[in-house]
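To start, the structure under review is shown below, and the notes come after it.
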Amino acid sequence: KEVPFCSIRKEDRPAYREALAKQWREFLEWKAVQLLSLEESAKVLQTAEKEAVMATRVLYRDKSSSLRSPSNQLPLRAKARVLIPGHRDPELLFGVRTDAPTVSRLSTMLFLQLCVCFNFVPMSADIAAAFLQGDDLERQAGNLYLKQPPEGFPGLQPGQLLKVLKGVCGLAVSPRLWWTKFSKSVLGIEAQEKSGPYEGQVLRFKQSVFDPAVFVCHDNQNVLRGILAVHVDDLL
């Protein structure tokens, strides 16, 4: 549930400001944007099409809110995510692909059943800043630029723009870019058995023919050794 900044308690605002600073550090860590100088930003505003420069806003959440109750007073877990109005992206006029497979309910049930049958220990994981780690943008509509949110980003001067290099949250192509990068990475994993009866065997994942969001790993005897399912940035 979104928390409007105006309704955030004064004592909680530093935590939300730090959450926004963390999001900005993720932008820089994964090279999702290129920071323009004030001079470069002014030139873009003068020469670029209006649709190529997008406003941004910050969605604030308390990740503990859904679990908090009178008998379970959990501490604040501030979350900030920068959003853009991706439905206005001129790139959509070129019919770009935006699809990205996610694991089906049936496949999830089969995953759990296989864990029982093969005595696997199921585990879950969440990929932080997943979209920012996707493939680079390849645009036909020209460069896309972002204005800073009203709060601004730490260390930036008002008026500085950002050039988008990867799939930021809100772009219609972001799930596709992340899925492409993730699936290629999983299919490129190689693990070698170090001991036991299968010592020396190299294990690799293959994509399921029944569900593209499921990856399976068999040994040389065609025995299932592992299974991976993905729903956007959540893994089983």
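Residues are named by chain letter and number: chains run A, B, ... in the order of the structure tokens, numbers start at 1 in each chain, and ligands are numbered from 1 in the order shown.
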
(message) Can you pull out the residues contacting A:Pro197? Cut-off 12 Å, using only C-alpha atoms, and skip same-chain residues under 6 positions away; I want them as a VMD selection string.
(response) chain A and resid 219 to 221

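Those residues in stretch 69-221 of chain A carrying a DSSP assignment of strand (DSSP E or B), computed from the backbone, are Ser69, Asn72, Ala78, Lys79, Ala80, Arg81, Val82, Leu83, Ala125, Asp126, Tyr145, Leu146, Leu162, Lys163, Val164, Glu190, Ala191, Gln192, Val202, Leu203, Arg204, Phe205, Lys206, Gln207, Val214, Phe215, Val216, Cys217 and His218 of chain A.
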
With C-alpha atoms retained, could you export that selection as an mmCIF file, in the first residue's frame?
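Saved file result.cif follows:
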data_model
loop_
_atom_site.group_PDB
_atom_site.id
_atom_site.type_symbol
_atom_site.label_atom_id
_atom_site.label_comp_id
_atom_site.auth_asym_id
_atom_site.auth_seq_id
_atom_site.Cartn_x
_atom_site.Cartn_y
_atom_site.Cartn_z
ATOM 1 C CA SER A 69 -1.318 -5.879 14.031
ATOM 2 C CA ASN A 72 2.453 -7.692 16.436
ATOM 3 C CA ALA A 78 10.634 2.074 4.551
ATOM 4 C CA LYS A 79 10.694 1.433 0.812
ATOM 5 C CA ALA A 80 10.999 3.988 -1.991
ATOM 6 C CA ARG A 81 10.677 3.271 -5.700
ATOM 7 C CA VAL A 82 11.064 5.778 -8.513
ATOM 8 C CA LEU A 83 8.286 5.448 -11.099
ATOM 9 C CA ALA A 125 14.718 -15.570 -3.088
ATOM 10 C CA ASP A 126 14.044 -12.043 -4.207
ATOM 11 C CA TYR A 145 15.348 11.296 -20.379
ATOM 12 C CA LEU A 146 14.001 11.632 -16.853
ATOM 13 C CA LEU A 162 18.987 11.555 -16.353
ATOM 14 C CA LYS A 163 19.429 9.640 -19.600
ATOM 15 C CA VAL A 164 17.814 6.202 -19.322
ATOM 16 C CA GLU A 190 27.505 -24.586 -15.088
ATOM 17 C CA ALA A 191 28.095 -26.484 -11.838
ATOM 18 C CA GLN A 192 30.515 -29.397 -11.502
ATOM 19 C CA VAL A 202 28.789 -30.776 -15.272
ATOM 20 C CA LEU A 203 25.220 -29.770 -14.498
ATOM 21 C CA ARG A 204 23.313 -27.189 -16.522
ATOM 22 C CA PHE A 205 19.793 -25.796 -16.526
ATOM 23 C CA LYS A 206 17.407 -26.267 -19.429
ATOM 24 C CA GLN A 207 14.226 -24.324 -20.043
ATOM 25 C CA VAL A 214 10.641 -22.998 -15.204
ATOM 26 C CA PHE A 215 14.203 -24.294 -15.558
ATOM 27 C CA VAL A 216 15.220 -27.876 -14.795
ATOM 28 C CA CYS A 217 18.600 -29.496 -14.233
ATOM 29 C CA HIS A 218 19.275 -33.207 -14.951
#

Using only C-alpha atoms, determine which residues lie at most 8 Å from A:Val173, disregarding the query and same-chain residues fewer than 4 positions distant; provide the list as a PDB file with N, CA and C atoms, in the first residue's frame.
ATOM      1  N   VAL A  96       7.092  -2.578 -29.903  1.00  0.00           N
ATOM      2  CA  VAL A  96       8.147  -3.339 -29.226  1.00  0.00           C
ATOM      3  C   VAL A  96       7.537  -4.446 -28.359  1.00  0.00           C
ATOM      4  N   ARG A  97       8.311  -5.490 -28.158  1.00  0.00           N
ATOM      5  CA  ARG A  97       7.850  -6.595 -27.323  1.00  0.00           C
ATOM      6  C   ARG A  97       7.917  -6.205 -25.856  1.00  0.00           C
ATOM      7  N   THR A  98       6.861  -6.502 -25.142  1.00  0.00           N
ATOM      8  CA  THR A  98       6.804  -6.201 -23.706  1.00  0.00           C
ATOM      9  C   THR A  98       6.476  -7.439 -22.882  1.00  0.00           C
ATOM     10  N   ASP A  99       6.347  -8.602 -23.544  1.00  0.00           N
ATOM     11  CA  ASP A  99       5.969  -9.819 -22.825  1.00  0.00           C
ATOM     12  C   ASP A  99       7.146 -10.360 -22.023  1.00  0.00           C
ATOM     13  N   GLY A 167      16.121  -0.675 -18.045  1.00  0.00           N
ATOM     14  CA  GLY A 167      14.691  -0.702 -17.772  1.00  0.00           C
ATOM     15  C   GLY A 167      14.360  -0.230 -16.372  1.00  0.00           C
ATOM     16  N   LEU A 177      13.171  -6.833 -20.686  1.00  0.00           N
ATOM     17  CA  LEU A 177      14.624  -6.692 -20.617  1.00  0.00           C
ATOM     18  C   LEU A 177      15.201  -7.502 -19.458  1.00  0.00           C
TER      19      LEU A 177
END

Can you build me a table of stretch 114-202 of chain A residues sitting at most 12 Å from stretch 30-39 of chain A, with the closest atom pair per residue and its distance in Å to one decimal, using only C-alpha atoms, sorted by chain and residue number, as JSON lines?
{"residue": "A:Ala128", "atom": "CA", "partner": "A:Trp30", "partner_atom": "CA", "distance": 11.1}
{"residue": "A:Ala129", "atom": "CA", "partner": "A:Trp30", "partner_atom": "CA", "distance": 8.7}
{"residue": "A:Ala130", "atom": "CA", "partner": "A:Trp30", "partner_atom": "CA", "distance": 9.8}
{"residue": "A:Phe131", "atom": "CA", "partner": "A:Ala32", "partner_atom": "CA", "distance": 9.1}
{"residue": "A:Leu132", "atom": "CA", "partner": "A:Ala32", "partner_atom": "CA", "distance": 5.7}
{"residue": "A:Gln133", "atom": "CA", "partner": "A:Trp30", "partner_atom": "CA", "distance": 6.0}
{"residue": "A:Gly134", "atom": "CA", "partner": "A:Ala32", "partner_atom": "CA", "distance": 9.0}
{"residue": "A:Asp135", "atom": "CA", "partner": "A:Ala32", "partner_atom": "CA", "distance": 9.8}
{"residue": "A:Asp136", "atom": "CA", "partner": "A:Ala32", "partner_atom": "CA", "distance": 8.2}
{"residue": "A:Leu137", "atom": "CA", "partner": "A:Ala32", "partner_atom": "CA", "distance": 9.4}
{"residue": "A:Asn143", "atom": "CA", "partner": "A:Gln34", "partner_atom": "CA", "distance": 11.3}
{"residue": "A:Leu144", "atom": "CA", "partner": "A:Val33", "partner_atom": "CA", "distance": 10.0}
{"residue": "A:Tyr145", "atom": "CA", "partner": "A:Val33", "partner_atom": "CA", "distance": 8.9}
{"residue": "A:Leu146", "atom": "CA", "partner": "A:Val33", "partner_atom": "CA", "distance": 9.0}
{"residue": "A:Lys147", "atom": "CA", "partner": "A:Leu36", "partner_atom": "CA", "distance": 10.6}
{"residue": "A:Gln148", "atom": "CA", "partner": "A:Leu35", "partner_atom": "CA", "distance": 10.7}
{"residue": "A:Phe153", "atom": "CA", "partner": "A:Leu35", "partner_atom": "CA", "distance": 11.0}
{"residue": "A:Gly155", "atom": "CA", "partner": "A:Leu35", "partner_atom": "CA", "distance": 11.2}
{"residue": "A:Leu156", "atom": "CA", "partner": "A:Leu35", "partner_atom": "CA", "distance": 8.9}
{"residue": "A:Gln157", "atom": "CA", "partner": "A:Leu38", "partner_atom": "CA", "distance": 7.9}
{"residue": "A:Pro158", "atom": "CA", "partner": "A:Leu38", "partner_atom": "CA", "distance": 8.6}
{"residue": "A:Gly159", "atom": "CA", "partner": "A:Leu38", "partner_atom": "CA", "distance": 6.5}
{"residue": "A:Gln160", "atom": "CA", "partner": "A:Leu38", "partner_atom": "CA", "distance": 5.3}
{"residue": "A:Leu161", "atom": "CA", "partner": "A:Leu36", "partner_atom": "CA", "distance": 5.5}
{"residue": "A:Leu162", "atom": "CA", "partner": "A:Leu35", "partner_atom": "CA", "distance": 4.8}
{"residue": "A:Lys163", "atom": "CA", "partner": "A:Gln34", "partner_atom": "CA", "distance": 4.9}
{"residue": "A:Val164", "atom": "CA", "partner": "A:Val33", "partner_atom": "CA", "distance": 4.6}
{"residue": "A:Leu165", "atom": "CA", "partner": "A:Ala32", "partner_atom": "CA", "distance": 5.0}
{"residue": "A:Lys166", "atom": "CA", "partner": "A:Ala32", "partner_atom": "CA", "distance": 4.7}
{"residue": "A:Gly167", "atom": "CA", "partner": "A:Ala32", "partner_atom": "CA", "distance": 7.1}
{"residue": "A:Val168", "atom": "CA", "partner": "A:Ala32", "partner_atom": "CA", "distance": 7.2}
{"residue": "A:Cys169", "atom": "CA", "partner": "A:Ala32", "partner_atom": "CA", "distance": 10.7}
{"residue": "A:Ser174", "atom": "CA", "partner": "A:Ala32", "partner_atom": "CA", "distance": 11.3}

Using only C-alpha atoms, please write the residues we just selected to a file, as a JSON list (two decimals), in the first residue's frame.
[["chain", "number", "residue", "atom", "x", "y", "z"],
["A", 128, "ALA", "CA", 16.85, -6.65, -5.49],
["A", 129, "ALA", "CA", 16.55, -3.93, -8.15],
["A", 130, "ALA", "CA", 15.87, -6.61, -10.78],
["A", 131, "PHE", "CA", 14.72, -4.32, -13.60],
["A", 132, "LEU", "CA", 17.84, -2.19, -13.24],
["A", 133, "GLN", "CA", 19.92, -5.31, -13.90],
["A", 134, "GLY", "CA", 18.22, -6.16, -17.19],
["A", 135, "ASP", "CA", 19.62, -5.82, -20.71],
["A", 136, "ASP", "CA", 20.45, -2.37, -22.02],
["A", 137, "LEU", "CA", 17.75, -0.38, -23.77],
["A", 143, "ASN", "CA", 16.93, 8.66, -26.23],
["A", 144, "LEU", "CA", 14.68, 8.85, -23.20],
["A", 145, "TYR", "CA", 15.35, 11.30, -20.38],
["A", 146, "LEU", "CA", 14.00, 11.63, -16.85],
["A", 147, "LYS", "CA", 13.42, 14.63, -14.67],
["A", 148, "GLN", "CA", 14.14, 14.26, -10.98],
["A", 153, "PHE", "CA", 18.07, 12.88, -5.75],
["A", 155, "GLY", "CA", 23.84, 15.13, -4.50],
["A", 156, "LEU", "CA", 22.10, 16.39, -7.65],
["A", 157, "GLN", "CA", 21.31, 19.96, -8.52],
["A", 158, "PRO", "CA", 17.75, 20.93, -9.39],
["A", 159, "GLY", "CA", 17.29, 20.77, -13.15],
["A", 160, "GLN", "CA", 19.74, 17.95, -13.82],
["A", 161, "LEU", "CA", 18.30, 15.28, -16.10],
["A", 162, "LEU", "CA", 18.99, 11.56, -16.35],
["A", 163, "LYS", "CA", 19.43, 9.64, -19.60],
["A", 164, "VAL", "CA", 17.81, 6.20, -19.32],
["A", 165, "LEU", "CA", 20.12, 3.30, -20.18],
["A", 166, "LYS", "CA", 18.21, 0.33, -18.73],
["A", 167, "GLY", "CA", 14.69, -0.70, -17.77],
["A", 168, "VAL", "CA", 13.54, 1.53, -14.94],
["A", 169, "CYS", "CA", 10.27, 0.81, -13.15],
["A", 174, "SER", "CA", 11.44, -3.32, -18.41]]

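Reported to one decimal place, the separation of atom CA of A:Ile84 from atom CA of A:Ala19 is 17.5 Å.
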
(message) Just checking: using only C-alpha atoms, which residue out of A:Pro90, A:Gly95, A:Pro4, A:Gly226 ends up closest to A:Phe120?
(response) A:Gly226

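Atom CA of A:Ser66 to atom CA of A:Ala213 spans 27.8 Å [interatomic distance, one decimal].
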
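One finds atom CA of A:Ser185 at 21.0 Å from atom CA of A:Ser107.
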
(request) Check the smallest atom-to-atom distance from each of A:Leu110, A:Ala229, A:Leu45, A:Ile8 to A:Phe182 using only C-alpha atoms, then report the winner. (result) A:Ala229

(message) Using only C-alpha atoms, can you tell me which of A:Ile127, A:Val186, A:Val230, A:Ala141 comes closest to A:Ala52?
(response) A:Ala141

Taking the chain letters and numbering used in this document, name the residues of stretch 184-222 of chain A that DSSP puts in helix (DSSP H, G or I), as a PDB file with N, CA and C atoms, in the first residue's frame.
ATOM      1  N   LYS A 184      19.012 -15.806 -19.970  1.00  0.00           N
ATOM      2  CA  LYS A 184      20.327 -16.075 -20.540  1.00  0.00           C
ATOM      3  C   LYS A 184      21.336 -16.433 -19.454  1.00  0.00           C
ATOM      4  N   SER A 185      21.242 -15.743 -18.328  1.00  0.00           N
ATOM      5  CA  SER A 185      22.180 -16.009 -17.230  1.00  0.00           C
ATOM      6  C   SER A 185      21.977 -17.403 -16.653  1.00  0.00           C
ATOM      7  N   VAL A 186      20.708 -17.795 -16.459  1.00  0.00           N
ATOM      8  CA  VAL A 186      20.425 -19.121 -15.894  1.00  0.00           C
ATOM      9  C   VAL A 186      20.898 -20.218 -16.841  1.00  0.00           C
ATOM     10  N   LEU A 187      20.638 -20.056 -18.128  1.00  0.00           N
ATOM     11  CA  LEU A 187      21.037 -21.079 -19.095  1.00  0.00           C
ATOM     12  C   LEU A 187      22.552 -21.146 -19.261  1.00  0.00           C
TER      13      LEU A 187
END

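Distance annotation: of A:Lys181, A:Asp234, A:Arg61, A:Gln113, the residue with the minimal separation from A:Ser7 is A:Arg61; atom set is only C-alpha atoms.
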
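Those residues that approach A:Pro150 to within 9 Å, counting only C-alpha atoms, are Thr56, Arg57 and Val58 of chain A; same-chain residues fewer than 5 positions away are not listed.
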